[in-house]
Amino acid sequence: MSDLMTKKLAISQWLSRLLALLMLGSLVSLGSAATAGASEPNAEAGTEGVTQPSAEAEAAGPVSCFSPKPHQFTDVAPDDYFDQAVSWLFESEITGGVTADRYGPSVNVSRGQMAMFLWKDAGSPPPSRPHSFGDVAPDAYYNTAVSWLVGEGITGGVAEGRYGPNVNVSRGQMAVFLHTASGSPAPLAPHSFTDVAADAYYNTAVSWLVGTGITAGVAPGKYAPNANVTRAQMAVFLHTNSCGTKPIAVDGGERHNCALKADGTIACWGHNSDGQMGIGTSNNQQWIPVTVRGISGATDIATGSFHTCAVKADTTVACWGNNRNGQLGDNTTTNRSLPVAVSGLSGVRNITAGSYHTCATKNDGTVACWGENNNGQLGDGSTTERRTPVAVGAGLSGVTAVSGGSVHNCAQKSNGTVACWGRNDRGQLGDGSNTTRTTPVTVANLSGVTAVDSGWLHTCAAKSDGTVDCWGYNGDGQLGLGNTTDRNTPATIPALAGVTTIGVGAYHGCAVKAGGTVACWGYNKDGQAGDGTTSVNRKSPVDVVGLTGAKSVAGGSYTNCAVKASGATLCWGLNWHGRLGDGTGTTRTTPVQVAYPNPIVR
């Protein structure tokens, strides 16, 4: 890759992460005046509160992106939207605040300060050439930073020969900056803000921001183009710039896991034998998360045994990894180490993956499936393998989500019922029989379902009353009923209440309870229950040790992962091939944090 291409790629990545800044701008009121004690920094200080990490600090290891050590500032509350970002900045030693105990979140950011923040966050690289601005003195604390910005093509100043270092950065200016740096693309549609005039220099840029979903304004009908960008918002930008946006969901495959991030990118870790990481290679395991190439704006993810799929912003689907049965949907059986489009599929709401097949729920409430079909798991009334999507039959409609087991599927419907199809030798379809079905059948005696998830040979459903019903194979206690008796109709797990959502693995299950704690049950020889043991399977739910604040949980073949509101992702269970993402191959019987990479160390 040429130096020019490298620079363009770096700028592109930087800009994509900056988009979160304007989105967050719509959540807060922007201050218009600097607070006391927030004076312009002097040259000796380098920049106010911004220091280079010391050699001793660098040896201390990476700073956690999503669970940084708490900051010491009294003017940043734990429930402030920028609290996590400020803690990360403080631990990374990018800033020390405006005073020892104050961060100054409402202080406006000047262009000089912005230059310094961005340059420091990029690792203080040497500029490729000096700037030519007459208002930036050689001894100004931001001089080198401004030269770097100019050399990277990020800014050309506010006027000929002027950078405007003391000018506050406004939302109107930020809109133009982002739009211009992105190549000035045509907006998808005009905005509807009453405070952005048609002849305003930022009008087109604001329309582009709205059309791409970057901002909705500060209030209905208001963009606030003259409002200033604050240190609170800048903190979030810097955090996003180095860490990427936080994970919001995770899904578990047989030997790998993937996380969907708030910016629509995807990170995966674990085994990569068939290209399921989506990074252009199909060898070696990934011990910590790597970003899937060529995917942005994703809205949902699914992991099969050795393949991965994502719903994109345009409602199409891309898949990668193993394709031996056509589960990537590109009309071939060729493995892919980079995402490829599923043929002829659009209007997709969400997606699921079984061992070697994939199913998509469409916006019209129907379902399409493709891949292996030896047990009728595609639901089209046949057992013929399909390399492109086919519609699930039997008049299936009103579907809101589908969960894929190994060779069966279950669909949650808008009326609170569930329909299943595919292999049924252990009663995993829940229709009161053990007969395999090539088209959907209704699960018996089940209503009020809010979530459904499938293991290899069993299925569970969370209900609106906070209870959980399970059915199918129970040889390892994965139905949570206190015994090992199979069930071909749903049975309620005793003493499990207040459940908000569930995640089912190959031979185990987990539930998130009100308050964010997690309980698990079933196969536990690799610590899947998360209670610190491996001695016995758990036939009834046990609490996962030390896990609070969970919003969702996902079961892999022999692992579980939970995502917290902060974005922190914790996994436990078997760790062969690095499937826990903690940088080791050590099996864990209690949760460990996924080590999302962070280039800043101290």
# chains A, B, ... in the order shown; residues from 1 in each chain; ligands from 1
>>> residues_around(residues="Arg171 in chain A", least_positions_apart="2", cutoff="6 Å", atoms="only C-alpha atoms", output="MDAnalysis selection string")
chainID A and resid 173:174 225 227
>>> write_last_selection(atoms="N, CA, C and O atoms", output="compact mmCIF listing (two decimals), in the first residue's frame")
# COMPACT_ATOMS: atom_id res chain seq x y z
N GLN A 173 -19.85 24.36 11.30
CA GLN A 173 -18.51 24.12 10.77
C GLN A 173 -18.18 22.63 10.75
O GLN A 173 -17.59 22.12 9.80
N MET A 174 -18.58 21.94 11.82
CA MET A 174 -18.30 20.52 11.89
C MET A 174 -19.02 19.77 10.77
O MET A 174 -18.48 18.84 10.17
N PRO A 225 -26.88 25.23 14.37
CA PRO A 225 -25.60 25.29 13.64
C PRO A 225 -24.55 26.16 14.31
O PRO A 225 -23.35 25.96 14.09
N ALA A 227 -24.17 26.44 17.61
CA ALA A 227 -23.78 25.92 18.93
C ALA A 227 -22.36 25.36 18.87
O ALA A 227 -21.93 24.81 17.86
>>> residues_around(residues="range 152-166 of chain A", least_positions_apart="6", cutoff="6 Å", atoms="only C-alpha atoms", output="list in words")
Ser110, Arg111, Gly112, Phe133, Gly134 and Asp135 of chain A
>>> write_last_selection(atoms="C-alpha atoms", output="CSV table (one decimal), in the first residue's frame")
chain,number,residue,atom,x,y,z
A,110,SER,CA,-11.3,25.9,20.2
A,111,ARG,CA,-9.7,24.9,16.9
A,112,GLY,CA,-6.2,25.0,18.6
A,133,PHE,CA,-0.7,29.9,8.7
A,134,GLY,CA,0.3,33.3,9.9
A,135,ASP,CA,-1.8,33.1,13.1
>>> select_by_dssp(residues="range 207-387 of chain A", states="strand (DSSP E or B)", output="count of residues only")
66
>>> closest_residue(among="A:Gly466, A:Gly172, A:Gly376, A:Gly480", to="Val499 in chain A", atoms="only C-alpha atoms")
A:Gly466
>>> residues_around(residues="Thr584 in chain A", least_positions_apart="3", cutoff="10 Å", atoms="only C-alpha atoms", output="PyMOL selection string")
chain A and resi 286-288+575-581+587+595
>>> write_last_selection(atoms="C-alpha atoms", output="CSV table (one decimal), in the first residue's frame")
chain,number,residue,atom,x,y,z
A,286,GLN,CA,-7.6,-14.6,16.4
A,287,TRP,CA,-7.0,-14.3,20.2
A,288,ILE,CA,-8.5,-10.8,20.4
A,575,ASN,CA,-11.3,-21.1,25.3
A,576,TRP,CA,-9.8,-23.3,22.6
A,577,HIS,CA,-8.8,-21.2,19.6
A,578,GLY,CA,-9.2,-17.9,21.6
A,579,ARG,CA,-13.0,-18.0,21.4
A,580,LEU,CA,-13.3,-15.9,24.7
A,581,GLY,CA,-11.3,-13.1,23.1
A,587,THR,CA,-10.7,-21.9,29.7
A,595,ALA,CA,-9.9,-7.5,25.0
>>> closest_residue(among="A:Thr417, A:Ser147, A:Asn374, A:Thr95", to="Leu396 in chain A", atoms="only C-alpha atoms")
A:Thr417
>>> atom_distance(atom1="CA of Gln113 in chain A", atom2="CA of Ser170 in chain A")
13.5 Å
>>> residues_around(residues="Thr450 in chain A", least_positions_apart="5", cutoff="8 Å", atoms="only C-alpha atoms", output="mmCIF file with all heavy atoms, in the first residue's frame")
data_model
loop_
_atom_site.group_PDB
_atom_site.id
_atom_site.type_symbol
_atom_site.label_atom_id
_atom_site.label_comp_id
_atom_site.auth_asym_id
_atom_site.auth_seq_id
_atom_site.Cartn_x
_atom_site.Cartn_y
_atom_site.Cartn_z
ATOM 1 N N GLN A 412 -40.246 -16.722 16.094
ATOM 2 C CA GLN A 412 -41.108 -15.976 17.010
ATOM 3 C C GLN A 412 -42.059 -15.128 16.184
ATOM 4 O O GLN A 412 -41.643 -14.400 15.279
ATOM 5 C CB GLN A 412 -40.258 -15.092 17.914
ATOM 6 C CG GLN A 412 -41.031 -14.174 18.835
ATOM 7 C CD GLN A 412 -40.116 -13.184 19.537
ATOM 8 O OE1 GLN A 412 -38.902 -13.342 19.560
ATOM 9 N NE2 GLN A 412 -40.699 -12.137 20.099
ATOM 10 N N GLY A 416 -47.041 -13.650 19.617
ATOM 11 C CA GLY A 416 -46.498 -14.274 20.819
ATOM 12 C C GLY A 416 -46.382 -15.775 20.758
ATOM 13 O O GLY A 416 -45.992 -16.409 21.749
ATOM 14 N N ALA A 461 -37.692 -20.353 25.208
ATOM 15 C CA ALA A 461 -38.408 -19.111 24.917
ATOM 16 C C ALA A 461 -38.609 -18.318 26.193
ATOM 17 O O ALA A 461 -39.037 -18.868 27.219
ATOM 18 C CB ALA A 461 -39.759 -19.414 24.275
ATOM 19 N N ALA A 462 -38.283 -17.021 26.137
ATOM 20 C CA ALA A 462 -38.604 -16.111 27.235
ATOM 21 C C ALA A 462 -40.013 -15.583 27.014
ATOM 22 O O ALA A 462 -40.416 -15.313 25.878
ATOM 23 C CB ALA A 462 -37.606 -14.963 27.279
ATOM 24 N N LYS A 463 -40.763 -15.421 28.118
ATOM 25 C CA LYS A 463 -42.156 -15.006 28.008
ATOM 26 C C LYS A 463 -42.390 -13.671 28.706
ATOM 27 O O LYS A 463 -41.571 -13.205 29.504
ATOM 28 C CB LYS A 463 -43.061 -16.090 28.599
ATOM 29 C CG LYS A 463 -42.932 -17.433 27.863
ATOM 30 C CD LYS A 463 -44.042 -18.405 28.205
ATOM 31 C CE LYS A 463 -44.026 -18.830 29.646
ATOM 32 N NZ LYS A 463 -45.077 -19.840 29.924
ATOM 33 N N SER A 464 -43.513 -13.069 28.374
ATOM 34 C CA SER A 464 -43.818 -11.730 28.863
ATOM 35 C C SER A 464 -43.996 -11.671 30.375
ATOM 36 O O SER A 464 -43.901 -10.593 30.977
ATOM 37 C CB SER A 464 -45.076 -11.197 28.175
ATOM 38 O OG SER A 464 -46.165 -12.081 28.363
ATOM 39 N N THR A 501 -34.294 -11.503 28.747
ATOM 40 C CA THR A 501 -33.911 -12.111 27.478
ATOM 41 C C THR A 501 -33.094 -13.367 27.759
ATOM 42 O O THR A 501 -32.684 -13.610 28.902
ATOM 43 C CB THR A 501 -33.121 -11.131 26.593
ATOM 44 O OG1 THR A 501 -32.984 -11.676 25.266
ATOM 45 C CG2 THR A 501 -31.738 -10.858 27.174
#
>>> residues_around(residues="Phe73 in chain A", least_positions_apart="5", cutoff="7 Å", atoms="only C-alpha atoms", output="PyMOL selection string")
chain A and resi 101-103
>>> write_last_selection(atoms="C-alpha atoms", output="compact mmCIF listing (two decimals), in the first residue's frame")
# COMPACT_ATOMS: atom_id res chain seq x y z
CA ASP A 101 -10.70 17.58 40.11
CA ARG A 102 -12.63 19.16 37.22
CA TYR A 103 -12.90 18.03 33.62
>>> closest_residue(among="A:Tyr356, A:Tyr558, A:Phe82, A:Tyr202", to="His256 in chain A", atoms="only C-alpha atoms")
A:Tyr558
